[in-house]
Structure formats: structure tokens, C-alpha cells
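A.B. asks: Dumping the structure here so I can ask a few things about it.
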Amino acid sequence: MKLFAVFYTLGNLAALASTCFLMGPVKQLKKMFETTRLLATIIMLLCLVFTLCAALWWRKKGLALLFCILQFLSMTWYSLSYIPYARDAVLKCCSSLLG
């Protein structure tokens, strides 16, 4: 579990670095911290850090797995912020499924 959490986090960091390579680091950081995706960015970065903390320092396998799941969800939500109206569509789809 420890290796999975570390490599999963490194994979997500590599995904962020690849878009940084395509856009340039300054433009990437500016887009990441725009008001439309600020909350998604903060949650995503916190999930990356907490996954590593749970796996390496706290040594809690269940917590590391939970943070991996949250990391997936936060990366998905962050990625959807780059597609116009994608988050609205997902919210509408989920609300129609739940109610």
C-alpha cells in the first residue's frame, strides 16, 4: 500500500508537470490559482500531501487508501475545470441520479 500511494502521487505530480511543460510554468500556476479553480487546486494539492503523509509518516494504510481515492476525485474535479461547463454537467448528472 505504501508503494502504491507513493507511486500514485508521483504519477499525479507527473501529470501536472506534463501540463506545465505544455503551457509553461508561469501560465500553469496562474491558471491553477484562478478563482474558478482555486478551491479544486487547494484540495488537490492537500490530497497529494496527505496521501504521502499517511503512507510514509503516519503509516496508516487505510488512511493512505482514502487519500488516494480523494486524490483521484480531486484531480478529476480539477481537470474538469478546464472543460467549459463540464463541472456543471457532472453536477447535474449526479443530482439527477440521486434525486
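In the C-alpha cells, chains take letters A, B, ... by order of appearance, with residues numbered from 1 within each chain and ligands from 1 in the order shown.
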Per residue of segment 34-70 of chain A within 7 Å of segment 2-6 of chain A, which atom pair is closest and at what distance in Å (one decimal), using only C-alpha atoms, listed by chain and increasing number, as JSON lines?
C.D. replies:
{"residue": "A:Thr51", "atom": "CA", "partner": "A:Ala5", "partner_atom": "CA", "distance": 6.5}
{"residue": "A:Leu52", "atom": "CA", "partner": "A:Val6", "partner_atom": "CA", "distance": 6.2}
{"residue": "A:Ala55", "atom": "CA", "partner": "A:Lys2", "partner_atom": "CA", "distance": 5.1}
{"residue": "A:Leu56", "atom": "CA", "partner": "A:Lys2", "partner_atom": "CA", "distance": 6.9}
{"residue": "A:Ala64", "atom": "CA", "partner": "A:Ala5", "partner_atom": "CA", "distance": 6.5}
{"residue": "A:Cys68", "atom": "CA", "partner": "A:Ala5", "partner_atom": "CA", "distance": 6.5}
A.B. asks: In Å, with one decimal, what is the gap from atom CA of Phe50 of chain A to atom CA of Phe67 of chain A?
C.D. replies: 6.6 Å
A.B. asks: Within 7 Å of segment 45-49 of chain A, counting only C-alpha atoms, which residues show up once you throw out same-chain ones fewer than 4 positions away? Write them as a VMD selection string, please.
C.D. replies: chain A and resid 9 41 53 67 70 to 71
A.B. asks: Choose the residue, out of A:Met1, A:Ser74, A:Ala17, A:Asp88, that has the smallest atom-to-atom separation from Ala54 of chain A; count only C-alpha atoms.
C.D. replies: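 Answer, going by the shortest atom-to-atom distance: A:Met1.
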A.B. asks: Step one, run DSSP on the backbone; step two, keep only residues of chain A assigned to helix (DSSP H, G or I); then write them as a PyMOL selection string.
C.D. replies: chain A and resi 2-23+25-32+38-57+61-80+86-98
A.B. asks: Find the spatial neighbours of segment 90-93 of chain A, counting only C-alpha atoms, within a cut-off of 10 Å - ignore same-chain residues fewer than 5 positions away - and output them as an MDAnalysis selection string.
C.D. replies: chainID A and resid 77 80 85 98
A.B. asks: Within 8 Å of Met75 of chain A, counting only C-alpha atoms, which residues qualify if same-chain residues fewer than 3 places away don't, as JSON, numbers by chain?
C.D. replies: {"A": [12, 44, 71, 72, 78, 79]}
